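Source file: start24.pdb. Holds: PDB, C-alpha atoms, pLDDT in the B column.
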```
ATOM      1  CA  MET A 285      -5.823  16.079  -7.495  1.00 96.00           C
ATOM      2  CA  HIS A 286      -2.627  14.626  -6.110  1.00 98.00           C
ATOM      3  CA  TYR A 287      -2.463  11.248  -4.447  1.00 98.00           C
ATOM      4  CA  VAL A 288      -0.306   9.589  -1.826  1.00 97.00           C
ATOM      5  CA  TYR A 289      -0.576   5.844  -2.218  1.00 97.00           C
ATOM      6  CA  LEU A 290       0.542   2.645  -0.553  1.00 95.00           C
ATOM      7  CA  LEU A 291       1.299  -0.406  -2.673  1.00 94.00           C
ATOM      8  CA  GLN A 292       1.872  -3.954  -1.527  1.00 93.00           C
ATOM      9  CA  SER A 293       4.053  -6.355  -3.483  1.00 93.00           C
ATOM     10  CA  LEU A 294       2.303  -9.565  -4.486  1.00 92.00           C
ATOM     11  CA  LYS A 295       5.759 -11.120  -4.718  1.00 91.00           C
ATOM     12  CA  ASN A 296       6.925 -10.649  -1.123  1.00 90.00           C
ATOM     13  CA  GLY A 297       4.314  -8.550   0.712  1.00 89.00           C
ATOM     14  CA  GLY A 298       6.605  -5.503   0.897  1.00 90.00           C
ATOM     15  CA  LEU A 299       5.193  -1.982   0.956  1.00 92.00           C
ATOM     16  CA  TYR A 300       5.923   1.068  -1.167  1.00 94.00           C
ATOM     17  CA  ILE A 301       4.755   4.655  -0.615  1.00 95.00           C
ATOM     18  CA  GLY A 302       4.496   7.054  -3.543  1.00 96.00           C
ATOM     19  CA  CYS A 303       2.891  10.278  -4.732  1.00 97.00           C
ATOM     20  CA  THR A 304       1.369  11.131  -8.121  1.00 97.00           C
ATOM     21  CA  SER A 305      -1.213  13.234  -9.931  1.00 97.00           C
ATOM     22  CA  ASP A 306      -2.363  10.264 -12.059  1.00 97.00           C
ATOM     23  CA  LEU A 307      -2.938   7.258  -9.821  1.00 96.00           C
ATOM     24  CA  LYS A 308      -4.073   4.753 -12.468  1.00 96.00           C
ATOM     25  CA  LYS A 309      -1.171   5.578 -14.772  1.00 96.00           C
ATOM     26  CA  ARG A 310       1.377   5.381 -11.952  1.00 95.00           C
ATOM     27  CA  ILE A 311       0.217   1.975 -10.754  1.00 95.00           C
ATOM     28  CA  LEU A 312       0.408   0.676 -14.324  1.00 95.00           C
ATOM     29  CA  GLU A 313       3.974   2.020 -14.532  1.00 95.00           C
ATOM     30  CA  HIS A 314       4.903   0.182 -11.336  1.00 94.00           C
ATOM     31  CA  ASN A 315       3.444  -3.049 -12.707  1.00 94.00           C
ATOM     32  CA  LYS A 316       5.170  -2.615 -16.081  1.00 93.00           C
ATOM     33  CA  ASN A 317       8.506  -2.328 -14.232  1.00 91.00           C
ATOM     34  CA  GLN A 318       8.980   1.296 -15.296  1.00 91.00           C
ATOM     35  CA  SER A 319       9.957   2.365 -11.774  1.00 88.00           C
ATOM     36  CA  TYR A 320      13.525   1.671 -10.722  1.00 88.00           C
ATOM     37  CA  HIS A 321      12.626   1.337  -7.034  1.00 87.00           C
ATOM     38  CA  THR A 322       9.763  -1.116  -7.459  1.00 91.00           C
ATOM     39  CA  LYS A 323      10.489  -3.243 -10.538  1.00 90.00           C
ATOM     40  CA  LYS A 324      12.279  -5.897  -8.481  1.00 93.00           C
ATOM     41  CA  TYR A 325       9.151  -6.639  -6.421  1.00 93.00           C
ATOM     42  CA  SER A 326       6.439  -6.440  -9.092  1.00 93.00           C
ATOM     43  CA  PRO A 327       3.517  -7.098  -9.350  1.00 95.00           C
ATOM     44  CA  TRP A 328       1.914  -4.573  -6.996  1.00 95.00           C
ATOM     45  CA  LYS A 329      -1.590  -3.928  -5.754  1.00 93.00           C
ATOM     46  CA  ILE A 330      -2.831  -0.673  -4.313  1.00 94.00           C
ATOM     47  CA  ILE A 331      -4.055  -1.030  -0.763  1.00 93.00           C
ATOM     48  CA  TYR A 332      -4.528   2.612   0.270  1.00 95.00           C
ATOM     49  CA  PHE A 333      -4.534   6.142  -1.118  1.00 96.00           C
ATOM     50  CA  GLU A 334      -5.254   9.683   0.018  1.00 96.00           C
ATOM     51  CA  GLY A 335      -6.283  12.558  -2.270  1.00 97.00           C
ATOM     52  CA  TYR A 336      -5.096  16.172  -1.935  1.00 98.00           C
ATOM     53  CA  VAL A 337      -5.968  19.304  -3.870  1.00 98.00           C
ATOM     54  CA  SER A 338      -2.544  20.763  -3.077  1.00 97.00           C
ATOM     55  CA  LYS A 339       0.536  19.134  -4.596  1.00 97.00           C
ATOM     56  CA  SER A 340       2.695  20.395  -1.723  1.00 97.00           C
ATOM     57  CA  ASP A 341       0.326  18.854   0.857  1.00 97.00           C
ATOM     58  CA  ALA A 342       0.523  15.502  -0.933  1.00 97.00           C
ATOM     59  CA  TYR A 343       4.309  15.533  -1.122  1.00 96.00           C
ATOM     60  CA  SER A 344       4.549  16.593   2.530  1.00 96.00           C
ATOM     61  CA  ARG A 345       2.388  13.613   3.512  1.00 95.00           C
ATOM     62  CA  GLU A 346       4.484  11.236   1.395  1.00 95.00           C
ATOM     63  CA  LYS A 347       7.647  12.566   3.019  1.00 94.00           C
ATOM     64  CA  ASN A 348       6.109  12.192   6.471  1.00 92.00           C
ATOM     65  CA  LEU A 349       5.214   8.552   5.827  1.00 92.00           C
ATOM     66  CA  LYS A 350       8.630   7.745   4.380  1.00 91.00           C
ATOM     67  CA  LEU A 351      10.816   9.546   6.910  1.00 91.00           C
ATOM     68  CA  HIS A 352       8.914   9.292  10.169  1.00 86.00           C
ATOM     69  CA  LYS A 353       8.333   5.777  11.450  1.00 85.00           C
ATOM     70  CA  GLN A 354       5.432   6.874  13.632  1.00 87.00           C
ATOM     71  CA  GLY A 355       3.339   8.075  10.668  1.00 86.00           C
ATOM     72  CA  LEU A 356       3.777   4.803   8.791  1.00 87.00           C
ATOM     73  CA  ARG A 357       3.207   2.784  11.960  1.00 88.00           C
ATOM     74  CA  ARG A 358      -0.126   4.536  12.525  1.00 90.00           C
ATOM     75  CA  LEU A 359      -1.174   3.933   8.935  1.00 89.00           C
ATOM     76  CA  LYS A 360      -0.290   0.247   9.290  1.00 88.00           C
ATOM     77  CA  GLU A 361      -2.403   0.094  12.452  1.00 89.00           C
ATOM     78  CA  ARG A 362      -5.354   1.518  10.506  1.00 89.00           C
ATOM     79  CA  LEU A 363      -4.823  -1.074   7.769  1.00 89.00           C
ATOM     80  CA  ARG A 364      -4.197  -4.010  10.106  1.00 85.00           C
ATOM     81  CA  ASP A 365      -6.779  -6.362   8.539  1.00 85.00           C
ATOM     82  CA  THR A 366      -5.682  -5.478   5.006  1.00 83.00           C
ATOM     83  CA  LEU A 367      -2.019  -6.047   5.811  1.00 81.00           C
ATOM     84  CA  ASP A 368      -2.715  -9.282   7.723  1.00 72.00           C
ATOM     85  CA  CYS A 369      -4.262 -10.527   4.519  1.00 65.00           C
ATOM     86  CA  LYS A 370      -0.755 -10.233   2.982  1.00 56.00           C
ATOM     87  CA  LEU A 371      -0.944 -11.769  -0.468  1.00 53.00           C
ATOM     88  CA  CYS A 372      -4.655 -12.591  -0.624  1.00 53.00           C
ATOM     89  CA  GLY A 373      -6.654 -11.415  -3.587  1.00 51.00           C
ATOM     90  CA  GLY A 374      -9.159  -9.441  -1.482  1.00 46.00           C
TER
END
```
Spell out the structure here as structure tokens.
Amino acid sequence: MHYVYLLQSLKNGGLYIGCTSDLKKRILEHNKNQSYHTKKYSPWKIIYFEGYVSKSDAYSREKNLKLHKQGLRRLKERLRDTLDCKLCGG
């Protein structure tokens, strides 16, 4: 399986979209500051993920969310209550 995931920074509430075949390992890497793009805003919590059998489908979805504002906007609408929670532990 391949996963597209959305992380939220516990430091400032910022969001990060990524793609991986090993979700647990990748989140640990983000929280151990092993990712150049996210180490500045660590720690992170996962707030959403999607699973795909096809690697190319997963990377296409990640690209869509990163490059097209409408895709990310719709995802944020779906996660409204989660994102309103901001830095809560829930």
Of the residues A:His321, A:Lys350, A:Arg357, A:Arg364, which is the one nearest to Ile301 of chain A, using all atoms listed in the file?
-> A:Lys350
What is the atom CA of Arg310 of chain A to atom CA of Ser338 of chain A distance in Å?
->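 Between atom CA of Arg310 of chain A and atom CA of Ser338 of chain A the gap works out to 18.2 Å.
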Could you name the residues that touch Lys323 of chain A at 7 Å or less, counting all atoms listed in the file, but leaving out those on the same chain fewer than 5 positions away, as a VMD selection string?
-> chain A and resid 314 317 to 318
Among A:Val337, A:Leu299, A:Ile331, A:Leu294, Asn315 of chain A is approached most closely, using all atoms listed in the file, by A:Leu294
Tell me, as a PyMOL selection string, which residues lie within 12 Å of segment 351-356 of chain A, counting all atoms listed in the file; anything in the same chain fewer than 5 positions away does not count.
-> chain A and resi 289-290+299-301+343-346+361-364
Would you mind reading off the distance between atom CA of Gly335 of chain A and atom CA of Lys308 of chain A, one decimal, in Å?
->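 Going from atom CA of Gly335 of chain A over to atom CA of Lys308 of chain A covers 13.0 Å.
Remark: for Ser293 of chain A, the closest of the candidate residues A:Leu367, A:Ala342, A:Lys347, A:Ser305 is A:Leu367 (distances computed over all atoms listed in the file).
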How would you write, as a PyMOL selection string, the residues chosen by the PyMOL selection byres ((chain A and resi 333) around 6) on this structure?
-> chain A and resi 288-289+332+334
Smallest atom-to-atom distance to Asp306 of chain A: which of A:Ser319, A:Asn348, A:Tyr325, A:Met285, using only C-alpha atoms?
->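 Among the listed residues, the smallest separation from Asp306 of chain A belongs to A:Met285.
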By how many Å are atom CA of His286 of chain A and atom CA of Ile311 of chain A apart?
-> 13.8 Å
Kindly write N, CA and C atoms of segment 339-352 of chain A from the structure just given to a file, as a CSV table (one decimal), in the first residue's frame.
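Once written, decode_30.csv looks like this:
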```
chain,number,residue,atom,x,y,z
A,339,LYS,N,1.1,2.9,-6.5
A,339,LYS,CA,2.1,4.0,-6.2
A,339,LYS,C,1.8,5.2,-7.0
A,340,SER,N,1.6,5.1,-8.3
A,340,SER,CA,1.3,6.2,-9.2
A,340,SER,C,0.1,7.0,-8.8
A,341,ASP,N,-1.0,6.2,-8.4
A,341,ASP,CA,-2.2,6.9,-7.9
A,341,ASP,C,-2.0,7.7,-6.7
A,342,ALA,N,-1.2,7.2,-5.8
A,342,ALA,CA,-0.9,7.9,-4.5
A,342,ALA,C,-0.1,9.2,-4.8
A,343,TYR,N,0.9,9.1,-5.6
A,343,TYR,CA,1.7,10.3,-5.9
A,343,TYR,C,0.9,11.3,-6.8
A,344,SER,N,0.0,10.8,-7.6
A,344,SER,CA,-0.8,11.8,-8.3
A,344,SER,C,-1.7,12.5,-7.4
A,345,ARG,N,-2.3,11.8,-6.4
A,345,ARG,CA,-3.1,12.5,-5.4
A,345,ARG,C,-2.3,13.5,-4.5
A,346,GLU,N,-1.1,13.1,-4.1
A,346,GLU,CA,-0.3,14.0,-3.4
A,346,GLU,C,0.0,15.3,-4.2
A,347,LYS,N,0.4,15.1,-5.5
A,347,LYS,CA,0.6,16.2,-6.4
A,347,LYS,C,-0.6,17.1,-6.5
A,348,ASN,N,-1.8,16.5,-6.6
A,348,ASN,CA,-3.0,17.3,-6.8
A,348,ASN,C,-3.2,18.1,-5.5
A,349,LEU,N,-3.0,17.6,-4.3
A,349,LEU,CA,-3.3,18.3,-3.1
A,349,LEU,C,-2.2,19.4,-3.0
A,350,LYS,N,-1.0,19.2,-3.4
A,350,LYS,CA,0.0,20.2,-3.2
A,350,LYS,C,-0.1,21.3,-4.3
A,351,LEU,N,-0.5,21.0,-5.5
A,351,LEU,CA,-0.4,22.0,-6.6
A,351,LEU,C,-1.7,22.7,-6.9
A,352,HIS,N,-2.8,22.1,-6.5
A,352,HIS,CA,-4.1,22.6,-6.8
A,352,HIS,C,-4.9,23.0,-5.6
```
